[in-house]
file structure.txt (compact mmCIF, C-alpha atoms)
# COMPACT_ATOMS: atom_id res chain seq x y z
CA MET A 11 -13.43 38.47 5.86
CA GLU A 12 -11.00 36.89 3.45
CA LYS A 13 -9.42 38.81 0.68
CA ALA A 14 -11.62 38.94 -2.40
CA GLN A 15 -9.22 37.04 -4.65
CA THR A 16 -9.29 33.94 -2.46
CA ARG A 17 -13.01 34.02 -1.76
CA VAL A 18 -14.32 30.54 -2.33
CA PRO A 19 -18.04 30.30 -3.18
CA LEU A 20 -20.15 28.68 -0.46
CA LEU A 21 -21.64 26.42 -3.10
CA SER A 22 -18.20 24.97 -3.85
CA ILE A 23 -17.62 24.36 -0.17
CA TYR A 24 -21.00 22.65 0.08
CA ARG A 25 -20.38 20.47 -2.97
CA VAL A 26 -16.97 19.30 -1.83
CA PHE A 27 -18.06 18.41 1.69
CA PHE A 28 -21.39 16.93 0.66
CA GLU A 29 -19.60 14.46 -1.59
CA ILE A 30 -17.03 13.62 1.07
CA GLY A 31 -19.73 13.14 3.70
CA LEU A 32 -21.78 10.89 1.46
CA PHE A 33 -18.89 8.53 0.76
CA SER A 34 -17.39 8.53 4.21
CA PHE A 35 -17.21 4.92 5.23
CA GLY A 36 -15.14 3.68 8.11
CA GLY A 37 -13.63 6.95 9.19
CA GLY A 38 -11.25 7.52 6.29
CA LEU A 39 -12.48 10.98 5.72
CA VAL A 40 -9.73 13.34 6.73
CA PRO A 41 -7.49 12.17 3.85
CA TRP A 42 -10.32 12.78 1.43
CA ILE A 43 -10.74 16.31 2.73
CA HIS A 44 -6.97 16.73 2.44
CA ARG A 45 -7.06 15.56 -1.16
CA GLU A 46 -9.84 17.94 -2.17
CA VAL A 47 -8.75 20.94 -0.14
CA VAL A 48 -4.95 20.80 -0.35
CA ASP A 49 -4.04 18.67 -3.37
CA ILE A 50 -6.74 19.53 -5.88
CA ARG A 51 -8.16 22.92 -4.95
CA LYS A 52 -5.17 24.39 -3.12
CA TRP A 53 -7.45 26.18 -0.65
CA MET A 54 -4.86 25.55 2.07
CA THR A 55 -1.20 24.63 2.42
CA ASN A 56 -0.20 21.23 3.75
CA GLU A 57 1.15 22.72 7.00
CA GLU A 58 -2.03 24.70 7.57
CA PHE A 59 -4.11 21.57 7.12
CA LEU A 60 -1.95 19.29 9.26
CA SER A 61 -1.71 21.75 12.11
CA GLY A 62 -5.48 22.02 11.88
CA ILE A 63 -5.72 18.27 12.33
CA ALA A 64 -3.56 18.37 15.45
CA LEU A 65 -5.62 21.29 16.74
CA THR A 66 -9.06 19.85 16.08
CA GLN A 67 -8.27 16.29 17.16
CA VAL A 68 -7.67 17.32 20.73
CA MET A 69 -11.10 18.94 20.81
CA PRO A 70 -14.33 17.05 21.35
CA GLY A 71 -16.35 15.94 18.37
CA VAL A 72 -15.79 13.89 15.27
CA ASN A 73 -12.44 14.40 13.56
CA SER A 74 -13.88 14.71 10.09
CA THR A 75 -16.57 17.26 10.91
CA ASN A 76 -14.13 19.21 13.05
CA THR A 77 -11.71 19.30 10.13
CA ALA A 78 -14.52 20.42 7.83
CA ILE A 79 -15.36 23.26 10.22
CA PHE A 80 -11.69 24.25 10.39
CA VAL A 81 -11.43 24.40 6.60
CA GLY A 82 -14.77 26.11 6.05
CA GLN A 83 -13.95 28.72 8.65
CA ARG A 84 -10.55 29.42 7.12
CA LEU A 85 -12.19 29.96 3.74
CA ARG A 86 -15.34 31.89 4.61
CA GLY A 87 -15.64 32.42 8.35
CA LEU A 88 -18.88 31.48 10.09
CA SER A 89 -20.86 30.92 6.91
CA GLY A 90 -18.10 28.72 5.51
CA ALA A 91 -17.87 26.65 8.68
CA SER A 92 -21.66 26.20 8.90
CA THR A 93 -21.84 25.27 5.22
CA ALA A 94 -19.08 22.70 5.57
CA LEU A 95 -20.64 21.14 8.67
CA LEU A 96 -24.11 21.03 7.14
CA ALA A 97 -22.76 19.56 3.92
CA MET A 98 -20.83 16.87 5.77
CA LEU A 99 -23.93 15.74 7.65
CA THR A 100 -26.62 15.96 4.95
CA GLY A 101 -25.72 12.72 3.18
CA PRO A 102 -25.03 10.58 6.27
CA PHE A 103 -28.21 11.87 7.95
CA CYS A 104 -30.39 10.75 5.06
CA CYS A 105 -28.49 7.49 4.56
CA VAL A 106 -28.64 6.46 8.17
CA LEU A 107 -32.41 7.01 8.33
CA LEU A 108 -32.95 5.15 5.06
CA ALA A 109 -30.79 2.30 6.31
CA ALA A 110 -32.73 2.18 9.56
CA VAL A 111 -35.94 1.73 7.61
CA PHE A 112 -34.52 -1.02 5.39
CA TYR A 113 -32.27 -2.45 8.06
CA GLN A 114 -33.43 -6.06 8.08
CA GLN A 115 -33.24 -6.42 4.32
CA LEU A 116 -29.81 -4.74 4.21
CA LEU A 117 -28.09 -6.92 6.78
CA GLY A 118 -29.89 -9.94 5.35
CA LEU A 119 -28.06 -9.50 2.05
CA PRO A 120 -25.39 -12.18 1.92
CA GLY A 121 -21.90 -10.69 1.98
CA PHE A 122 -23.07 -7.18 2.77
CA GLN A 123 -21.09 -6.93 5.97
CA ALA A 124 -18.01 -8.47 4.34
CA ALA A 125 -18.19 -5.85 1.60
CA MET A 126 -18.47 -3.07 4.19
CA VAL A 127 -15.32 -4.31 5.91
CA GLY A 128 -13.58 -4.03 2.55
CA VAL A 129 -14.81 -0.48 2.07
CA ALA A 130 -13.63 0.46 5.55
CA SER A 131 -10.22 -1.10 4.93
CA ALA A 132 -9.79 0.84 1.71
CA ALA A 133 -10.67 3.98 3.67
CA ILE A 134 -7.91 3.19 6.17
CA GLY A 135 -5.57 2.73 3.21
CA MET A 136 -6.44 6.29 2.16
CA LEU A 137 -5.47 7.45 5.62
CA LEU A 138 -2.13 5.66 5.36
CA ARG A 139 -1.48 7.21 1.97
CA MET A 140 -2.19 10.68 3.33
CA GLY A 141 0.21 10.06 6.21
CA VAL A 142 2.95 9.05 3.79
CA THR A 143 2.51 11.96 1.38
CA SER A 144 2.11 14.50 4.20
CA ALA A 145 5.19 13.23 5.98
CA ARG A 146 7.19 13.62 2.78
CA ILE A 147 6.16 17.26 2.52
CA THR A 148 6.26 18.23 6.18
CA ILE A 149 9.17 16.32 7.63
CA ARG A 150 12.24 18.06 6.27
CA SER A 151 14.59 17.73 9.24
CA ALA A 152 15.29 15.52 12.22
CA PRO A 153 13.30 17.31 14.99
CA PRO A 154 9.89 17.08 13.31
CA ALA A 155 10.66 13.49 12.30
CA ILE A 156 11.36 12.59 15.91
CA MET A 157 8.21 14.35 17.11
CA MET A 158 6.13 12.56 14.51
CA ALA A 159 7.59 9.16 15.38
CA ALA A 160 7.16 9.75 19.11
CA THR A 161 3.50 10.78 18.68
CA PHE A 162 2.83 7.74 16.54
CA ALA A 163 4.53 5.40 19.00
CA ALA A 164 2.74 6.83 22.02
CA VAL A 165 -0.78 6.81 20.56
CA GLY A 166 -0.54 4.02 17.98
CA LEU A 167 1.84 1.47 19.48
CA PHE A 168 1.51 2.04 23.21
CA ARG A 169 -2.14 3.13 23.02
CA LEU A 170 -1.68 6.01 25.40
CA PRO A 171 -4.66 8.39 25.55
CA LEU A 172 -4.54 10.93 22.74
CA ILE A 173 -5.23 14.13 24.64
CA PRO A 174 -2.43 13.88 27.27
CA VAL A 175 0.02 12.76 24.59
CA VAL A 176 -0.72 15.77 22.42
CA CYS A 177 -0.58 18.05 25.45
CA VAL A 178 2.96 16.83 26.15
CA MET A 179 4.24 16.57 22.57
CA ALA A 180 2.77 19.77 21.16
CA PRO A 181 4.65 22.24 23.40
CA ILE A 182 7.96 20.46 22.77
CA SER A 183 7.40 20.34 19.04
CA VAL A 184 6.27 23.97 18.86
CA ALA A 185 9.25 25.12 20.93
CA LEU A 186 11.58 23.28 18.56
CA ALA A 187 9.85 24.88 15.58
CA TRP A 188 10.12 28.32 17.22
CA PHE A 189 13.86 28.08 17.74
CA LEU A 190 14.53 26.47 14.39
CA THR A 191 12.69 28.99 12.22
CA THR A 192 14.34 32.28 11.51
CA PRO A 193 11.91 35.19 11.92
CA LYS A 194 10.49 36.11 8.56
CA PRO A 195 10.09 39.74 7.45
CA ALA A 196 6.78 41.15 8.65
CA VAL A 197 3.83 39.62 6.89
CA ASP A 198 1.44 40.52 9.69
CA GLU A 199 -0.47 42.92 7.45
CA GLU A 200 -2.38 40.20 5.65
CA ALA A 201 -3.23 38.28 8.79
CA GLY A 202 -6.74 38.19 10.16
CA GLN A 203 -10.08 37.69 8.62
CA MET B 12 -44.80 16.54 18.77
CA ASN B 13 -43.92 15.86 22.35
CA PHE B 14 -41.75 18.74 23.40
CA ASP B 15 -40.62 17.11 26.64
CA ILE B 16 -39.09 14.18 24.79
CA LEU B 17 -37.19 16.51 22.43
CA LEU B 18 -35.90 18.46 25.39
CA LYS B 19 -34.80 15.23 27.00
CA ILE B 20 -32.93 14.26 23.84
CA VAL B 21 -31.07 17.56 23.95
CA ILE B 22 -30.28 17.18 27.64
CA ILE B 23 -28.75 13.75 27.02
CA MET B 24 -26.99 14.37 23.70
CA ALA B 25 -25.57 17.87 24.13
CA PRO B 26 -23.18 16.98 26.99
CA LEU B 27 -22.11 13.88 25.04
CA SER B 28 -21.14 16.19 22.19
CA LEU B 29 -18.54 17.84 24.40
CA ALA B 30 -17.51 14.52 25.93
CA ALA B 31 -16.68 12.96 22.56
CA LEU B 32 -12.94 13.32 22.87
CA GLY B 33 -11.10 11.41 20.19
CA GLY B 34 -14.21 10.72 18.17
CA ALA B 35 -17.49 8.94 18.72
CA THR B 36 -16.06 5.81 20.32
CA SER B 37 -15.78 7.48 23.69
CA ILE B 38 -19.50 8.25 23.93
CA TYR B 39 -21.03 4.89 23.01
CA ALA B 40 -20.95 3.69 26.60
CA PRO B 41 -22.59 6.74 28.22
CA MET B 42 -25.10 6.94 25.37
CA GLN B 43 -26.12 3.36 25.98
CA HIS B 44 -26.39 4.00 29.69
CA HIS B 45 -28.73 6.96 29.24
CA THR B 46 -30.90 5.67 26.42
CA VAL B 47 -31.11 1.98 27.37
CA ASP B 48 -30.72 1.78 31.15
CA VAL B 49 -32.08 5.09 32.36
CA GLU B 50 -34.69 6.26 29.83
CA GLN B 51 -35.43 2.84 28.31
CA TRP B 52 -36.01 4.42 24.90
CA VAL B 53 -34.50 1.40 23.17
CA THR B 54 -33.68 -2.11 24.31
CA ALA B 55 -30.08 -3.31 24.52
CA ARG B 56 -30.70 -5.39 21.39
CA GLU B 57 -32.09 -2.41 19.48
CA PHE B 58 -29.14 -0.33 20.58
CA LEU B 59 -26.74 -2.86 19.07
CA ASP B 60 -28.77 -2.97 15.86
CA LEU B 61 -28.68 0.81 15.57
CA PHE B 62 -24.95 0.72 16.27
CA ALA B 63 -24.51 -1.72 13.38
CA ILE B 64 -26.50 0.54 11.08
CA ALA B 65 -24.39 3.54 12.02
CA ARG B 66 -21.27 1.50 11.31
CA VAL B 67 -22.25 0.38 7.81
CA THR B 68 -23.67 3.65 6.57
CA PRO B 69 -21.54 6.65 5.62
CA GLY B 70 -20.87 9.24 8.26
CA PRO B 71 -19.42 9.34 11.73
CA GLY B 72 -20.29 6.75 14.36
CA SER B 73 -22.16 9.35 16.38
CA MET B 74 -24.93 9.04 13.79
CA LEU B 75 -26.01 6.41 16.30
CA GLY B 76 -27.47 9.29 18.30
CA THR B 77 -29.44 10.38 15.25
CA LEU B 78 -30.95 6.91 15.02
CA ILE B 79 -31.92 6.88 18.66
CA GLY B 80 -33.60 10.25 18.21
CA TRP B 81 -35.46 8.80 15.25
CA LYS B 82 -36.59 5.77 17.28
CA VAL B 83 -37.86 7.97 20.08
CA ALA B 84 -39.43 10.89 18.28
CA GLY B 85 -39.41 10.24 14.54
CA PHE B 86 -37.84 12.59 12.03
CA THR B 87 -37.92 15.59 14.37
CA GLY B 88 -36.21 13.49 17.01
CA ALA B 89 -33.48 12.55 14.55
CA LEU B 90 -32.96 16.18 13.62
CA VAL B 91 -32.90 17.39 17.21
CA ALA B 92 -30.52 14.62 18.29
CA SER B 93 -28.12 15.43 15.43
CA LEU B 94 -28.09 19.12 16.23
CA ALA B 95 -27.55 18.41 19.93
CA LEU B 96 -24.70 16.03 19.10
CA TYR B 97 -22.87 18.30 16.68
CA LEU B 98 -23.52 21.92 17.58
CA PRO B 99 -21.77 22.15 20.98
CA SER B 100 -18.49 20.57 19.86
CA SER B 101 -18.64 22.43 16.55
CA ALA B 102 -19.09 25.75 18.32
CA LEU B 103 -16.02 25.01 20.42
CA VAL B 104 -13.93 24.13 17.35
CA PHE B 105 -15.17 27.28 15.67
CA GLY B 106 -14.22 29.42 18.66
CA VAL B 107 -10.69 28.05 18.82
CA GLY B 108 -10.42 28.23 15.04
CA HIS B 109 -11.45 31.87 15.14
CA VAL B 110 -8.46 32.80 17.28
CA TRP B 111 -6.25 30.47 15.26
CA HIS B 112 -7.06 31.83 11.79
CA ARG B 113 -6.97 35.42 12.95
CA HIS B 114 -3.28 35.29 13.75
CA ARG B 115 -2.12 33.64 10.57
CA GLY B 116 1.30 34.83 9.41
CA LYS B 117 2.67 35.88 12.79
CA ARG B 118 5.89 34.25 13.90
CA TRP B 119 4.42 32.42 16.88
CA HIS B 120 1.61 31.18 14.68
CA THR B 121 4.03 29.85 12.10
CA ALA B 122 5.94 28.12 14.88
CA LEU B 123 2.70 26.61 16.18
CA GLU B 124 1.82 25.47 12.69
CA ASN B 125 5.22 23.96 11.98
CA GLY B 126 5.29 22.40 15.42
CA LEU B 127 1.79 20.93 15.26
CA ALA B 128 2.10 19.56 11.72
CA PRO B 129 4.40 16.65 12.68
CA ILE B 130 2.09 15.86 15.60
CA GLY B 131 -0.85 15.76 13.18
CA CYS B 132 1.21 13.48 10.95
CA GLY B 133 2.01 11.14 13.83
CA LEU B 134 -1.69 11.06 14.78
CA LEU B 135 -2.56 10.03 11.22
CA PHE B 136 -0.28 7.02 11.39
CA ALA B 137 -1.57 6.17 14.85
CA GLY B 138 -5.10 6.39 13.46
CA VAL B 139 -4.21 3.89 10.74
CA LEU B 140 -3.05 1.43 13.38
CA THR B 141 -5.98 1.97 15.73
CA LEU B 142 -8.62 1.76 13.02
CA SER B 143 -7.13 -1.34 11.44
CA ARG B 144 -7.24 -3.08 14.81
CA VAL B 145 -10.98 -2.43 14.98
CA ALA B 146 -12.21 -2.47 11.41
CA ALA B 147 -10.08 -4.86 9.43
CA GLU B 148 -10.62 -8.43 10.49
CA GLY B 149 -8.93 -11.03 8.36
CA ILE B 150 -5.93 -11.10 6.11
CA VAL B 151 -7.54 -9.65 2.98
CA PRO B 152 -8.81 -6.44 4.62
CA LEU B 153 -5.43 -6.04 6.31
CA MET B 154 -3.64 -6.33 2.98
CA LEU B 155 -6.04 -3.87 1.41
CA ILE B 156 -4.75 -1.09 3.63
CA PRO B 157 -1.16 -0.86 2.35
CA GLY B 158 -2.39 -1.93 -1.07
CA VAL B 159 -4.78 0.98 -1.42
CA ALA B 160 -2.19 3.37 0.01
CA ALA B 161 0.41 2.26 -2.54
CA LEU B 162 -2.03 2.44 -5.47
CA MET B 163 -3.13 5.94 -4.44
CA ILE B 164 0.47 7.11 -4.37
CA VAL B 165 1.02 5.68 -7.86
CA TRP B 166 -2.27 7.07 -9.23
CA PRO B 167 -3.08 10.18 -7.18
CA LYS B 168 -5.58 11.44 -9.77
CA LEU B 169 -7.92 8.48 -9.42
CA HIS B 170 -11.12 9.23 -7.51
CA PRO B 171 -11.13 7.83 -3.93
CA PHE B 172 -14.54 6.31 -4.55
CA ILE B 173 -12.98 3.84 -6.97
CA PHE B 174 -10.75 2.53 -4.19
CA LEU B 175 -13.63 2.24 -1.74
CA LEU B 176 -15.70 0.38 -4.30
CA GLY B 177 -12.74 -1.85 -5.16
CA GLY B 178 -12.15 -2.67 -1.51
CA GLY B 179 -15.81 -3.57 -1.07
CA LEU B 180 -15.86 -5.74 -4.19
CA ILE B 181 -12.68 -7.60 -3.27
CA CYS B 182 -13.97 -8.47 0.18
CA TYR B 183 -17.33 -9.42 -1.29
CA ALA B 184 -15.58 -11.73 -3.76
CA VAL B 185 -13.56 -13.27 -0.93
CA TYR B 186 -16.82 -13.82 0.96
CA LEU B 187 -18.37 -15.51 -2.06
CA ALA B 188 -15.29 -17.66 -2.47
CA GLY B 189 -15.99 -18.82 1.05
CA PHE B 190 -12.92 -17.82 3.04
call {"tool": "encode", "arguments": {"input": "structure.txt", "output": "structure tokens"}}
result
Amino acid sequence: MEKAQTRVPLLSIYRVFFEIGLFSFGGGLVPWIHREVVDIRKWMTNEEFLSGIALTQVMPGVNSTNTAIFVGQRLRGLSGASTALLAMLTGPFCCVLLAAVFYQQLLGLPGFQAAMVGVASAAIGMLLRMGVTSARITIRSAPPAIMMAATFAAVGLFRLPLIPVVCVMAPISVALAWFLTTPKPAVDEEAGQ
Amino acid sequence: MNFDILLKIVIIMAPLSLAALGGATSIYAPMQHHTVDVEQWVTAREFLDLFAIARVTPGPGSMLGTLIGWKVAGFTGALVASLALYLPSSALVFGVGHVWHRHRGKRWHTALENGLAPIGCGLLFAGVLTLSRVAAEGIVPLMLIPGVAALMIVWPKLHPFIFLLGGGLICYAVYLAGF
């Protein structure tokens, strides 16, 4: 278990992820999690969060729920991860069923779909903003900058499949990081849950 | 409640959970195959309608599976389909995360973290590009993306919901204006 001083109440975890889940339109959710977890609540460092993204994106499942599990687990182990996942899905589950019931009326509303495109675009804008701010924090030298640019080009520009790209880039990037960081004095004592 | 149907939902959805690499987009096709062609739970038209609902409501696109479960077996079906879609992949993430968090602070872990962070960053930017290809049709939505990003950098304290609402209103106004 986590050290007592950093023990985040499950209710806080639920509240944060419930809200994020409820307002998650168009897939712009990871930046919102980042904002709440790293920027506002400081539950995690930026590096911890970003490495979690790289880690969970190569695994099956939805990015946002995977990220929620990663964060919840880091904070409170199994109960934290379950709470985060449940919280993320409560809102969407109810909304999607409600929408299914009132589907005809909803799509019949003039301009409804246009408005939803706008919401989704704003969500993508959030993602872009998170990329910019994270890059400013994380990219402090040339090697990570090159790795970031190469990953972006491969997946974004050339549309290569994500999993093989990460499987090639990650070992190179980690090896660079290994040789570029000087070993820190032992902090192993506080590791582990 | 028909137990056989629920079991069938699990048998179809649970493998899709583990097949959803890179998000829900990769499982739409097999989900359609199983639920429309093989089981004939929904018609092709209904499948598209449910897809549209999943797109315009909050939550991941795989909520489509929840809707199909609801169509087939009501509320219980929706619940069972959701669990089947999320639990397997979540368990896998949890398992990997368990090993990951346990070794925090060790040198190799720090190297992994510092090495993976730029990859995560690159994936974010790639995601922006990929999503905008799919979601943002038209010049106004496309301009919203950098616009929102810039405004959020200037006013980081503002609640994200305000930007989502603003984006929706702007596109609604453009629709009313008749572009």
call {"tool": "residues_around", "arguments": {"input": "structure.txt", "residues": "range 104-108 of chain A", "least_positions_apart": "2", "cutoff": "10 Å", "atoms": "all atoms listed in the file", "output": "VMD selection string"}}
result
(chain A and resid 32 99 to 102 110 to 113) or (chain B and resid 61 64 to 70 74 to 75 77 to 78 81 to 82 85 to 86 89)
call {"tool": "interface_residues", "arguments": {"input": "structure.txt", "of": "chain A", "to": "chain B", "cutoff": "6 Å", "atoms": "only C-alpha atoms", "output": "number ranges by chain"}}
result
A: 32-35, 57, 60-61, 63-64, 70-72, 102, 106, 121, 124-126, 128-129, 131-132, 134-136, 138-139, 141, 154, 158, 161-162, 165-166, 183-184, 187-188, 197-198, 201-203
call {"tool": "residues_near_point", "arguments": {"input": "structure.txt", "point": "(-14.9, 13.6, 0.8)", "cutoff": "9 Å", "atoms": "all atoms listed in the file", "output": "list of chain:residue names"}}
result
A:Val26, A:Phe27, A:Phe28, A:Glu29, A:Ile30, A:Gly31, A:Leu32, A:Phe33, A:Ser34, A:Gly38, A:Leu39, A:Val40, A:Pro41, A:Trp42, A:Ile43, A:His44, A:Arg45, A:Glu46, A:Met98, B:Pro171
call {"tool": "atom_distance", "arguments": {"input": "structure.txt", "atom1": "CA of Asp49 in chain A", "atom2": "CA of Ala145 in chain A"}}
result
14.2 Å
call {"tool": "atom_distance", "arguments": {"input": "structure.txt", "atom1": "CA of Ile182 in chain A", "atom2": "CA of Gln83 in chain A"}}
result
27.3 Å
call {"tool": "atom_distance", "arguments": {"input": "structure.txt", "atom1": "CA of Gly62 in chain A", "atom2": "CA of Leu169 in chain B"}}
result
25.4 Å
